[in-house]
$ cat structure.cif   # mmCIF, C-alpha atoms and all ligand atoms
data_model
loop_
_atom_site.label_atom_id
_atom_site.label_comp_id
_atom_site.auth_asym_id
_atom_site.auth_seq_id
_atom_site.Cartn_x
_atom_site.Cartn_y
_atom_site.Cartn_z
CA MET A 82 339.35 107.38 -74.72
CA LEU A 83 336.49 108.29 -72.40
CA GLY A 84 337.98 111.68 -71.43
CA ARG A 85 336.61 113.26 -68.25
CA LEU A 86 333.71 110.86 -68.16
CA VAL A 87 333.03 109.25 -64.80
CA LEU A 88 331.34 105.89 -64.91
CA ILE A 89 329.43 104.31 -62.10
CA ASP A 90 328.11 100.77 -61.91
CA ALA A 91 330.07 100.26 -65.07
CA GLY A 92 331.86 97.03 -64.26
CA PRO A 93 333.36 94.79 -66.93
CA LEU A 94 331.22 94.13 -69.95
CA LYS A 95 329.55 90.73 -69.72
CA PRO A 96 330.10 88.48 -72.73
CA LEU A 97 327.41 88.71 -75.38
CA GLY A 98 324.88 85.96 -74.88
CA ALA A 99 325.10 86.01 -71.09
CA ILE A 100 321.89 86.97 -69.26
CA MET A 101 322.27 90.68 -68.88
CA ARG A 102 320.33 93.60 -67.62
CA PRO A 103 319.94 96.37 -70.20
CA ARG A 104 322.88 98.74 -70.39
CA VAL A 105 321.80 102.33 -69.90
CA PHE A 106 323.72 105.57 -70.16
CA VAL A 107 322.52 108.78 -68.50
CA THR A 108 324.13 112.04 -69.64
CA ARG A 109 323.69 114.11 -66.45
CA PRO A 110 323.61 113.48 -62.70
CA LEU A 111 319.82 113.22 -62.31
CA PRO A 112 318.02 113.02 -58.92
CA THR A 113 318.98 110.05 -56.76
CA PRO A 114 315.52 108.34 -56.72
CA THR A 115 315.59 108.24 -60.53
CA LEU A 116 319.11 106.86 -60.65
CA ASP A 117 318.24 104.31 -57.94
CA LEU A 118 315.25 103.14 -59.97
CA LEU A 119 317.38 102.73 -63.07
CA ARG A 120 320.11 100.95 -61.09
CA SER A 121 317.55 98.49 -59.74
CA GLN A 122 316.71 97.33 -63.25
CA CYS A 123 319.65 98.18 -65.48
CA ASP A 124 323.41 98.30 -65.68
CA LEU A 125 323.72 102.04 -65.31
CA GLU A 126 326.51 104.24 -66.48
CA LEU A 127 326.47 107.93 -65.79
CA HIS A 128 328.13 111.14 -66.89
CA GLN A 129 328.52 112.53 -63.41
CA GLU A 130 329.07 116.15 -64.34
CA ASP A 131 326.32 118.67 -65.03
CA THR A 132 328.01 119.67 -68.28
CA PRO A 133 327.15 118.83 -71.89
CA ILE A 134 328.76 115.72 -73.24
CA ALA A 135 330.14 116.12 -76.77
CA PRO A 136 328.43 113.99 -79.44
CA ALA A 137 331.76 112.40 -80.42
CA GLN A 138 332.32 111.27 -76.83
CA LEU A 139 328.74 110.09 -76.49
CA ALA A 140 329.10 108.10 -79.70
CA GLU A 141 332.29 106.53 -78.39
CA ILE A 142 330.66 105.54 -75.10
CA CYS A 143 327.54 104.12 -76.74
CA ALA A 144 329.70 101.98 -79.01
CA ALA A 145 332.25 100.90 -76.40
CA ARG A 146 329.68 100.10 -73.70
CA ARG A 147 327.09 98.62 -76.12
CA ILE A 148 324.45 100.99 -74.75
CA GLU A 149 320.82 99.95 -75.23
CA GLY A 150 319.04 102.75 -73.41
CA LEU A 151 320.19 106.36 -73.67
CA MET A 152 318.76 108.96 -71.35
CA ALA A 153 319.63 112.31 -72.91
CA CYS A 154 319.51 115.34 -70.68
CA GLY A 155 320.87 118.48 -72.35
CA ALA A 156 322.91 116.29 -74.73
CA ARG A 157 322.94 116.23 -78.51
CA VAL A 158 322.04 112.85 -79.92
CA THR A 159 323.32 113.24 -83.45
CA GLU A 160 323.26 110.85 -86.38
CA GLN A 161 326.84 109.95 -85.45
CA VAL A 162 325.70 108.92 -81.98
CA VAL A 163 322.80 106.87 -83.33
CA ASP A 164 324.95 105.21 -85.99
CA SER A 165 327.67 104.28 -83.53
CA ALA A 166 325.22 102.73 -81.05
CA ALA A 167 324.51 99.40 -82.71
CA GLN A 168 322.58 98.07 -79.68
CA LEU A 169 320.54 101.23 -79.06
CA ARG A 170 316.84 100.50 -78.41
CA VAL A 171 315.57 103.78 -76.97
CA VAL A 172 316.48 107.46 -76.64
CA SER A 173 314.67 108.96 -73.68
CA ASN A 174 314.94 112.74 -73.78
CA VAL A 175 314.69 114.58 -70.47
CA GLY A 176 312.74 117.55 -71.77
CA VAL A 177 309.68 118.23 -73.85
CA GLY A 178 311.58 119.82 -76.77
CA TYR A 179 313.59 117.24 -78.68
CA ASP A 180 315.40 119.32 -81.29
CA ASN A 181 318.62 118.02 -79.67
CA VAL A 182 317.86 114.52 -80.99
CA ASP A 183 318.18 113.40 -84.60
CA VAL A 184 314.75 111.82 -84.60
CA ALA A 185 314.94 110.90 -88.30
CA ALA A 186 318.11 108.87 -87.69
CA CYS A 187 316.39 107.07 -84.79
CA THR A 188 313.25 106.41 -86.83
CA LEU A 189 315.33 104.88 -89.62
CA ARG A 190 316.62 102.38 -87.06
CA ARG A 191 313.10 102.01 -85.54
CA ILE A 192 314.37 103.38 -82.25
CA PRO A 193 311.65 105.11 -80.22
CA VAL A 194 312.45 108.61 -79.01
CA THR A 195 310.52 109.68 -75.94
CA ASN A 196 310.08 113.04 -74.20
CA THR A 197 308.71 114.39 -70.94
CA ALA A 198 305.48 115.98 -72.08
CA GLY A 199 302.77 116.60 -69.54
CA VAL A 200 304.89 117.41 -66.48
CA LEU A 201 306.53 120.77 -67.18
CA GLU A 202 303.97 122.86 -69.04
CA GLU A 203 302.57 124.76 -66.05
CA THR A 204 306.03 125.48 -64.69
CA THR A 205 307.27 126.77 -68.04
CA ALA A 206 304.20 128.97 -68.37
CA ASP A 207 304.95 130.33 -64.88
CA LEU A 208 308.39 131.38 -66.08
CA ALA A 209 307.00 132.90 -69.28
CA PHE A 210 304.56 134.94 -67.25
CA ALA A 211 307.29 135.91 -64.79
CA LEU A 212 309.40 137.22 -67.69
CA LEU A 213 306.39 139.08 -69.05
CA MET A 214 305.81 140.75 -65.68
CA ALA A 215 309.48 141.45 -65.05
CA ALA A 216 309.90 143.08 -68.46
CA ALA A 217 306.68 145.11 -68.26
CA ARG A 218 307.28 146.33 -64.71
CA ARG A 219 311.04 146.81 -65.12
CA LEU A 220 311.76 144.59 -62.15
CA VAL A 221 315.38 143.81 -63.00
CA GLU A 222 316.17 147.46 -63.60
CA GLY A 223 314.54 148.24 -60.24
CA ASP A 224 316.52 145.56 -58.45
CA ARG A 225 319.77 146.88 -59.91
CA TYR A 226 318.81 150.45 -58.97
CA VAL A 227 318.28 149.50 -55.32
CA ARG A 228 321.40 147.32 -55.04
CA GLU A 229 323.60 149.97 -56.61
CA GLY A 230 322.53 152.42 -53.89
CA ARG A 231 321.00 154.81 -56.39
CA TRP A 232 317.63 154.92 -54.60
CA GLN A 233 317.76 158.13 -52.57
CA GLN A 234 314.09 159.10 -52.36
CA TRP A 235 310.64 158.18 -53.61
CA GLN A 236 310.22 159.60 -57.08
CA TRP A 237 307.04 160.17 -59.07
CA SER A 238 308.76 159.53 -62.36
CA LEU A 239 310.83 156.50 -61.38
CA LEU A 240 310.80 153.37 -63.58
CA TRP A 241 307.43 153.69 -65.22
CA GLY A 242 306.50 150.46 -66.88
CA ALA A 243 303.56 149.01 -68.78
CA ASP A 244 300.25 147.66 -67.53
CA ILE A 245 299.62 143.95 -67.84
CA HIS A 246 296.00 143.65 -66.74
CA HIS A 247 293.40 144.25 -69.46
CA GLN A 248 296.11 144.27 -72.15
CA THR A 249 296.22 141.91 -75.11
CA LEU A 250 298.26 138.74 -74.80
CA GLY A 251 299.16 137.10 -78.12
CA ILE A 252 300.14 133.46 -77.85
CA TYR A 253 302.00 131.94 -80.78
CA GLY A 254 301.70 128.15 -80.53
CA PHE A 255 298.68 126.79 -78.68
CA GLY A 256 299.92 123.50 -77.26
CA ASN A 257 299.88 122.76 -73.55
CA ILE A 258 302.29 125.56 -72.62
CA GLY A 259 300.49 128.10 -74.79
CA LYS A 260 297.19 127.12 -73.19
CA ALA A 261 298.70 127.33 -69.70
CA MET A 262 299.94 130.80 -70.60
CA SER A 263 296.46 131.83 -71.71
CA ARG A 264 295.03 130.76 -68.33
CA ARG A 265 297.57 133.02 -66.61
CA GLY A 266 296.59 135.88 -68.90
CA ARG A 267 292.93 135.33 -68.10
CA GLY A 268 293.78 135.64 -64.42
CA PHE A 269 295.03 139.13 -65.23
CA SER A 270 291.87 140.01 -67.19
CA MET A 271 293.82 140.05 -70.44
CA ARG A 272 292.34 139.70 -73.91
CA ILE A 273 293.77 136.48 -75.34
CA LEU A 274 294.66 136.08 -79.02
CA TYR A 275 296.40 133.02 -80.37
CA HIS A 276 297.86 131.67 -83.55
CA SER A 277 298.69 128.05 -84.16
CA ARG A 278 299.10 125.60 -87.03
CA ARG A 279 295.86 123.99 -85.97
CA ARG A 280 292.94 125.93 -84.63
CA ALA A 281 291.70 124.71 -81.23
CA ASP A 282 288.20 123.29 -80.80
CA ALA A 283 285.47 125.83 -80.22
CA ALA A 284 284.97 124.40 -76.71
CA VAL A 285 288.64 124.96 -75.85
CA GLU A 286 288.56 128.48 -77.26
CA ALA A 287 285.45 129.23 -75.21
CA GLU A 288 286.90 127.75 -72.02
CA LEU A 289 290.13 129.74 -72.37
CA GLY A 290 288.48 132.85 -73.77
CA ALA A 291 290.99 132.74 -76.63
CA THR A 292 290.44 134.10 -80.13
CA PHE A 293 292.23 132.58 -83.13
CA VAL A 294 293.86 135.17 -85.42
CA ASP A 295 296.29 135.04 -88.34
CA ARG A 296 299.98 135.55 -87.59
CA ASP A 297 300.21 139.18 -88.68
CA THR A 298 297.17 140.15 -86.62
CA LEU A 299 298.75 138.49 -83.62
CA PHE A 300 301.91 140.59 -83.96
CA ARG A 301 299.97 143.78 -84.78
CA GLU A 302 297.37 143.68 -82.02
CA SER A 303 299.18 142.15 -79.07
CA ASP A 304 300.73 144.09 -76.22
CA PHE A 305 302.66 140.95 -75.31
CA VAL A 306 303.60 138.24 -77.81
CA SER A 307 304.62 134.99 -76.13
CA LEU A 308 306.18 132.22 -78.24
CA HIS A 309 305.27 128.59 -77.57
CA VAL A 310 306.10 126.69 -80.77
CA ALA A 311 308.54 123.80 -80.98
CA LEU A 312 311.72 124.43 -82.97
CA THR A 313 311.38 122.85 -86.40
CA PRO A 314 312.67 123.88 -89.84
CA GLU A 315 309.34 125.75 -90.27
CA THR A 316 309.64 127.72 -87.02
CA HIS A 317 313.33 128.61 -87.37
CA HIS A 318 313.44 132.45 -87.39
CA LEU A 319 309.70 132.67 -87.18
CA VAL A 320 310.24 136.14 -85.72
CA THR A 321 312.35 138.33 -87.99
CA ALA A 322 312.64 142.07 -88.58
CA ARG A 323 309.37 141.83 -90.50
CA GLU A 324 307.31 140.46 -87.59
CA LEU A 325 308.98 142.87 -85.17
CA SER A 326 308.04 145.76 -87.47
CA LEU A 327 304.39 144.74 -87.16
CA MET A 328 304.48 145.02 -83.36
CA LYS A 329 303.40 148.12 -81.46
CA PRO A 330 306.21 150.33 -80.09
CA THR A 331 304.70 149.62 -76.65
CA ALA A 332 304.72 145.82 -77.09
CA PHE A 333 306.91 143.11 -75.57
CA LEU A 334 308.21 139.80 -76.93
CA ILE A 335 308.53 136.81 -74.59
CA ASN A 336 310.46 133.70 -75.63
CA THR A 337 310.69 130.58 -73.48
CA THR A 338 310.72 128.00 -76.26
CA ARG A 339 313.92 127.89 -78.33
CA GLY A 340 316.28 130.74 -79.20
CA LYS A 341 316.43 129.91 -82.89
CA VAL A 342 312.73 130.71 -83.26
CA VAL A 343 313.77 134.39 -83.12
CA ASP A 344 316.30 136.23 -85.28
CA GLU A 345 318.30 137.60 -82.34
CA GLU A 346 320.15 140.18 -84.41
CA ALA A 347 316.83 141.65 -85.58
CA LEU A 348 315.43 141.55 -82.04
CA ALA A 349 318.45 143.39 -80.62
CA ALA A 350 318.05 146.08 -83.30
CA ALA A 351 314.30 146.43 -82.60
CA LEU A 352 314.93 146.78 -78.88
CA ALA A 353 317.81 149.23 -79.31
CA SER A 354 315.76 151.49 -81.61
CA HIS A 355 312.65 151.16 -79.38
CA GLN A 356 310.73 149.74 -82.28
CA ILE A 357 309.29 147.49 -79.56
CA ALA A 358 309.28 148.28 -75.84
CA GLY A 359 310.98 145.24 -74.40
CA ALA A 360 311.54 141.52 -74.25
CA GLY A 361 311.86 138.64 -71.82
CA LEU A 362 314.09 135.81 -72.98
CA ASP A 363 314.86 132.44 -71.43
CA VAL A 364 316.41 130.97 -74.58
CA PHE A 365 319.02 132.11 -77.09
CA GLU A 366 320.22 131.23 -80.55
CA GLN A 367 323.67 130.00 -79.46
CA GLU A 368 323.30 129.03 -75.80
CA PRO A 369 325.03 129.84 -73.53
CA HIS A 370 326.29 132.68 -75.73
CA VAL A 371 324.05 135.73 -75.51
CA HIS A 372 324.16 138.22 -78.35
CA PRO A 373 326.37 141.06 -76.98
CA ALA A 374 323.88 143.72 -78.10
CA LEU A 375 321.11 142.03 -76.09
CA ALA A 376 323.29 141.79 -73.02
CA ARG A 377 323.88 145.57 -73.13
CA LEU A 378 320.22 146.58 -73.40
CA PRO A 379 318.22 147.56 -70.30
CA ASN A 380 314.82 146.77 -71.86
CA VAL A 381 315.32 143.02 -72.04
CA VAL A 382 315.16 140.56 -69.14
CA LEU A 383 317.50 137.59 -69.61
CA ALA A 384 317.27 134.17 -67.97
CA PRO A 385 319.57 131.15 -68.47
CA HIS A 386 317.12 128.60 -69.95
CA ILE A 387 315.36 127.82 -66.68
CA GLY A 388 311.77 127.41 -67.92
CA SER A 389 311.26 124.04 -66.25
CA ALA A 390 313.78 124.55 -63.46
CA THR A 391 311.88 123.98 -60.23
CA THR A 392 312.72 121.20 -57.80
CA ALA A 393 309.37 119.49 -58.25
CA THR A 394 309.25 119.75 -62.03
CA ARG A 395 312.82 118.70 -62.72
CA SER A 396 312.25 115.68 -60.43
CA ARG A 397 309.07 114.79 -62.32
CA MET A 398 310.87 115.13 -65.65
CA ALA A 399 313.65 112.78 -64.56
CA ALA A 400 311.16 110.24 -63.21
CA LEU A 401 309.06 110.31 -66.38
CA ALA A 402 312.13 109.99 -68.61
CA ALA A 403 313.18 106.92 -66.61
CA GLU A 404 309.68 105.46 -66.89
CA ASN A 405 309.67 106.00 -70.67
CA LEU A 406 313.07 104.36 -70.99
CA LEU A 407 312.19 101.35 -68.86
CA GLU A 408 308.92 100.82 -70.71
CA VAL A 409 310.71 100.54 -74.04
CA LEU A 410 313.42 98.30 -72.62
CA ALA A 411 310.68 96.05 -71.21
CA GLY A 412 309.15 95.79 -74.69
CA ARG A 413 306.18 98.03 -73.99
CA ARG A 414 305.08 101.22 -75.70
CA PRO A 415 305.92 104.27 -73.55
CA ARG A 416 303.47 107.03 -72.70
CA TYR A 417 305.27 109.73 -74.67
CA VAL A 418 306.87 108.72 -77.93
CA VAL A 419 307.66 111.43 -80.47
CA ASN A 420 308.16 109.10 -83.47
CA PRO A 421 305.13 106.77 -83.12
CA GLU A 422 305.74 105.54 -86.68
CA VAL A 423 308.37 103.18 -85.26
CA TYR A 424 305.44 101.17 -83.87
CA SER A 425 303.53 100.91 -87.15
C1 LIG B 1 312.42 121.37 -72.49
O1 LIG B 1 311.82 120.57 -71.79
O2 LIG B 1 312.34 121.36 -73.72
C2 LIG B 1 313.28 122.36 -71.79
O3 LIG B 1 313.51 123.49 -72.58
C3 LIG B 1 314.59 121.74 -71.41
O4 LIG B 1 315.37 121.59 -72.55
#
$ encode --input "structure.cif" --output "structure tokens" --more "lines below"
Ligand code: DGY
Amino acid sequence: MLGRLVLIDAGPLKPLGAIMRPRVFVTRPLPTPTLDLLRSQCDLELHQEDTPIAPAQLAEICAARRIEGLMACGARVTEQVVDSAAQLRVVSNVGVGYDNVDVAACTLRRIPVTNTAGVLEETTADLAFALLMAAARRLVEGDRYVREGRWQQWQWSLLWGADIHHQTLGIYGFGNIGKAMSRRGRGFSMRILYHSRRRADAAVEAELGATFVDRDTLFRESDFVSLHVALTPETHHLVTARELSLMKPTAFLINTTRGKVVDEEALAAALASHQIAGAGLDVFEQEPHVHPALARLPNVVLAPHIGSATTATRSRMAALAAENLLEVLAGRRPRYVVNPEVYS
């Protein structure tokens, strides 16, 4: 039972042994040039709705349609999916974070998992910096104030926020997005601190004007803490009541990585009691559910997981995911593989 799934180019399954093009399933309606490219080389089937497809349904499709290439966009590729897809040769994730994919299950089957690194970092850093600015300068509160017709006259004391320039920006996670964030901070004459599992080369630190500190120093000294770590068992609830208690009462927390990196309950309490000044969040623990306490607070800016959502970047992500998928199906090693051990 394929439920509400809409298939295109599906056609009847050719008998095994016949010369066939690889069978590919795409979990969202991606841009037309990407779908056209896939159609030119594969038998393409598509979930035509921009809604998440349940793992059980995905497993059923992969088994029934003998899918070899799976392009996962906002879809969970669980062990059940991997196990049911006997012909699966590649999982191409449309996104840089791949916590939605059971990579271990893929690796066991020697199935490469690919991601779209290298095309969305600057755009995601733009959004992180936009959240930082919006939270510090109370932009959303100001917008609401004007729209609600409450603005009657210029007021000296209206909506005072926090300075950004010359403040300290603490970056937790110094991969490509963290580094892109530090460049934005430098543009605002900020002092840049960072913490990361691995310290960057001295040349990189010098170029970015970034100083490596331990985690507690980062939380203690920063006026803005911006999170840029991938979600792993080690980074789950990296920010708890303890880390929030280290932060200055004037400081802000920015999260554009994954919601589960932050204990949302603790964050809501810290914001409500003004233990910290504010937050800017693009990601949540149980998306699309937002903790009701967060949704009530004026000192947090909320966005619906749109870090990479620009026309140019989403198009590049789709194109790169297609390239990764086609490379594997053609028997070549793709540019971005997250479980390289499958090639050893
Ligand atoms: C990413 O690329 O990881 C974005 O958050 C989309 O999931």
$ residues_near_ligand --input "structure.cif" --ligand "ligand LIG 1 (chain B)" --cutoff "12 Å" --atoms "all atoms listed in the file" --output "PyMOL selection string"
chain A and resi 153-157+174-182+195-206+208-209+258+309-312+336-340+363-365+368+385-391+394-395+397-399+401-402
$ closest_residue --input "structure.cif" --among "A:Lys260, A:Arg416, A:Arg231, A:Arg170" --to "Leu289 of chain A" --atoms "only C-alpha atoms"
A:Lys260
$ residues_around --input "structure.cif" --residues "Tyr253 of chain A" --least-positions-apart "3" --cutoff "10 Å" --atoms "all atoms listed in the file" --output "compact mmCIF listing (two decimals) with C-alpha atoms, keeping the file's coordinate frame"
# COMPACT_ATOMS: atom_id res chain seq x y z
CA LEU A 250 298.26 138.74 -74.80
CA GLY A 256 299.92 123.50 -77.26
CA GLY A 259 300.49 128.10 -74.79
CA LEU A 274 294.66 136.08 -79.02
CA TYR A 275 296.40 133.02 -80.37
CA HIS A 276 297.86 131.67 -83.55
CA SER A 277 298.69 128.05 -84.16
CA ARG A 278 299.10 125.60 -87.03
CA VAL A 294 293.86 135.17 -85.42
CA ASP A 295 296.29 135.04 -88.34
CA ARG A 296 299.98 135.55 -87.59
CA LEU A 299 298.75 138.49 -83.62
CA PHE A 300 301.91 140.59 -83.96
CA VAL A 306 303.60 138.24 -77.81
CA SER A 307 304.62 134.99 -76.13
CA LEU A 308 306.18 132.22 -78.24
CA HIS A 309 305.27 128.59 -77.57
CA VAL A 310 306.10 126.69 -80.77
$ atom_distance --input "structure.cif" --atom1 "atom CA of Thr316 of chain A" --atom2 "atom CA of Gly254 of chain A"
10.3 Å
$ atom_distance --input "structure.cif" --atom1 "atom CA of Glu366 of chain A" --atom2 "atom CA of Glu324 of chain A"
17.4 Å
$ residues_around --input "structure.cif" --residues "segment 406-410 of chain A" --least-positions-apart "3" --cutoff "9 Å" --atoms "all atoms listed in the file" --output "ChimeraX atom specification"
/A:103,119,122-123,149-152,170-173,193,195,401-403,413-416
$ residues_around --input "structure.cif" --residues "Leu375 of chain A" --least-positions-apart "4" --cutoff "12 Å" --atoms "only C-alpha atoms" --output "PDB file with C-alpha atoms, in the coordinates of the input"
ATOM      1  CA  ASP A 344     316.300 136.230 -85.280  1.00  0.00           C
ATOM      2  CA  GLU A 345     318.300 137.600 -82.340  1.00  0.00           C
ATOM      3  CA  GLU A 346     320.150 140.180 -84.410  1.00  0.00           C
ATOM      4  CA  ALA A 347     316.830 141.650 -85.580  1.00  0.00           C
ATOM      5  CA  LEU A 348     315.430 141.550 -82.040  1.00  0.00           C
ATOM      6  CA  ALA A 349     318.450 143.390 -80.620  1.00  0.00           C
ATOM      7  CA  ALA A 350     318.050 146.080 -83.300  1.00  0.00           C
ATOM      8  CA  ALA A 351     314.300 146.430 -82.600  1.00  0.00           C
ATOM      9  CA  LEU A 352     314.930 146.780 -78.880  1.00  0.00           C
ATOM     10  CA  ALA A 353     317.810 149.230 -79.310  1.00  0.00           C
ATOM     11  CA  GLY A 359     310.980 145.240 -74.400  1.00  0.00           C
ATOM     12  CA  ALA A 360     311.540 141.520 -74.250  1.00  0.00           C
ATOM     13  CA  GLY A 361     311.860 138.640 -71.820  1.00  0.00           C
ATOM     14  CA  LEU A 362     314.090 135.810 -72.980  1.00  0.00           C
ATOM     15  CA  PHE A 365     319.020 132.110 -77.090  1.00  0.00           C
ATOM     16  CA  GLU A 366     320.220 131.230 -80.550  1.00  0.00           C
ATOM     17  CA  HIS A 370     326.290 132.680 -75.730  1.00  0.00           C
ATOM     18  CA  VAL A 371     324.050 135.730 -75.510  1.00  0.00           C
ATOM     19  CA  PRO A 379     318.220 147.560 -70.300  1.00  0.00           C
ATOM     20  CA  ASN A 380     314.820 146.770 -71.860  1.00  0.00           C
ATOM     21  CA  VAL A 381     315.320 143.020 -72.040  1.00  0.00           C
ATOM     22  CA  VAL A 382     315.160 140.560 -69.140  1.00  0.00           C
ATOM     23  CA  LEU A 383     317.500 137.590 -69.610  1.00  0.00           C
ATOM     24  CA  ALA A 384     317.270 134.170 -67.970  1.00  0.00           C
TER      25      ALA A 384
END
$ atom_distance --input "structure.cif" --atom1 "atom CA of Arg280 of chain A" --atom2 "atom CA of Val184 of chain A"
26.0 Å
$ closest_residue --input "structure.cif" --among "A:Lys329, A:Leu378, A:Leu240, A:Ala291" --to "Tyr226 of chain A" --atoms "all atoms listed in the file"
A:Leu240
$ closest_residue --input "structure.cif" --among "A:Leu220, A:Ala283, A:Ile273, A:Val227" --to "Ala261 of chain A" --atoms "all atoms listed in the file"
A:Ile273
$ closest_residue --input "structure.cif" --among "A:Ala144, A:Arg218, A:Asp117, A:Lys341" --to "Leu319 of chain A" --atoms "all atoms listed in the file"
A:Lys341
$ closest_residue --input "structure.cif" --among "A:Ala217, A:Ala167, A:Ala145, A:Ala376" --to "Thr331 of chain A" --atoms "all atoms listed in the file"
A:Ala217
$ residues_around --input "structure.cif" --residues "Arg301 of chain A" --least-positions-apart "3" --cutoff "6 Å" --atoms "only C-alpha atoms" --output "PDB file with C-alpha atoms, in the frame of the given file"
ATOM      1  CA  THR A 298     297.170 140.150 -86.620  1.00  0.00           C
ATOM      2  CA  LEU A 327     304.390 144.740 -87.160  1.00  0.00           C
ATOM      3  CA  MET A 328     304.480 145.020 -83.360  1.00  0.00           C
TER       4      MET A 328
END
$ closest_residue --input "structure.cif" --among "A:Met214, A:Val107, A:Ile335, A:Ala322" --to "Glu126 of chain A" --atoms "only C-alpha atoms"
A:Val107
$ axis_aligned_box --input "structure.cif" --around "segment 292-303 of chain A" --padding-each-side "8 Å" --output "JSON"
{"center_x": 296.2, "center_y": 138.2, "center_z": -83.9, "size_x": 27.5, "size_y": 27.2, "size_z": 25.6}
$ build_atoms --input "structure.cif" --residues "segment 218-237 of chain A" --atoms "N, CA and C atoms" --output "compact mmCIF listing (two decimals), in the coordinates of the input"
# COMPACT_ATOMS: atom_id res chain seq x y z
N ARG A 218 307.17 145.49 -65.91
CA ARG A 218 307.28 146.33 -64.71
C ARG A 218 308.72 146.67 -64.33
N ARG A 219 309.63 146.39 -65.24
CA ARG A 219 311.04 146.81 -65.12
C ARG A 219 311.67 146.37 -63.81
N LEU A 220 311.35 145.13 -63.44
CA LEU A 220 311.76 144.59 -62.15
C LEU A 220 313.28 144.45 -62.02
N VAL A 221 313.93 144.02 -63.08
CA VAL A 221 315.38 143.81 -63.00
C VAL A 221 316.10 145.16 -62.93
N GLU A 222 315.60 146.11 -63.69
CA GLU A 222 316.17 147.46 -63.60
C GLU A 222 316.00 148.01 -62.17
N GLY A 223 314.82 147.77 -61.59
CA GLY A 223 314.54 148.24 -60.24
C GLY A 223 315.46 147.59 -59.22
N ASP A 224 315.66 146.30 -59.36
CA ASP A 224 316.52 145.56 -58.45
C ASP A 224 317.95 146.13 -58.50
N ARG A 225 318.41 146.36 -59.73
CA ARG A 225 319.77 146.88 -59.91
C ARG A 225 319.88 148.28 -59.29
N TYR A 226 318.85 149.07 -59.47
CA TYR A 226 318.81 150.45 -58.97
C TYR A 226 318.96 150.47 -57.45
N VAL A 227 318.23 149.55 -56.79
CA VAL A 227 318.28 149.50 -55.32
C VAL A 227 319.65 149.00 -54.87
N ARG A 228 320.11 147.90 -55.46
CA ARG A 228 321.40 147.32 -55.04
C ARG A 228 322.57 148.26 -55.26
N GLU A 229 322.48 149.07 -56.31
CA GLU A 229 323.60 149.97 -56.61
C GLU A 229 323.56 151.23 -55.75
N GLY A 230 322.60 151.29 -54.82
CA GLY A 230 322.53 152.42 -53.89
C GLY A 230 322.09 153.71 -54.54
N ARG A 231 321.42 153.58 -55.68
CA ARG A 231 321.00 154.81 -56.39
C ARG A 231 319.65 155.32 -55.90
N TRP A 232 318.97 154.54 -55.05
CA TRP A 232 317.63 154.92 -54.60
C TRP A 232 317.75 155.85 -53.39
N GLN A 233 317.58 157.13 -53.62
CA GLN A 233 317.76 158.13 -52.57
C GLN A 233 316.44 158.62 -52.00
N GLN A 234 315.40 158.60 -52.80
CA GLN A 234 314.09 159.10 -52.36
C GLN A 234 313.00 158.56 -53.27
N TRP A 235 311.75 158.60 -52.75
CA TRP A 235 310.64 158.18 -53.61
C TRP A 235 310.53 159.18 -54.76
N GLN A 236 310.31 158.70 -55.94
CA GLN A 236 310.22 159.60 -57.08
C GLN A 236 309.00 159.28 -57.92
N TRP A 237 308.25 160.29 -58.24
CA TRP A 237 307.04 160.17 -59.07
C TRP A 237 307.36 159.53 -60.42
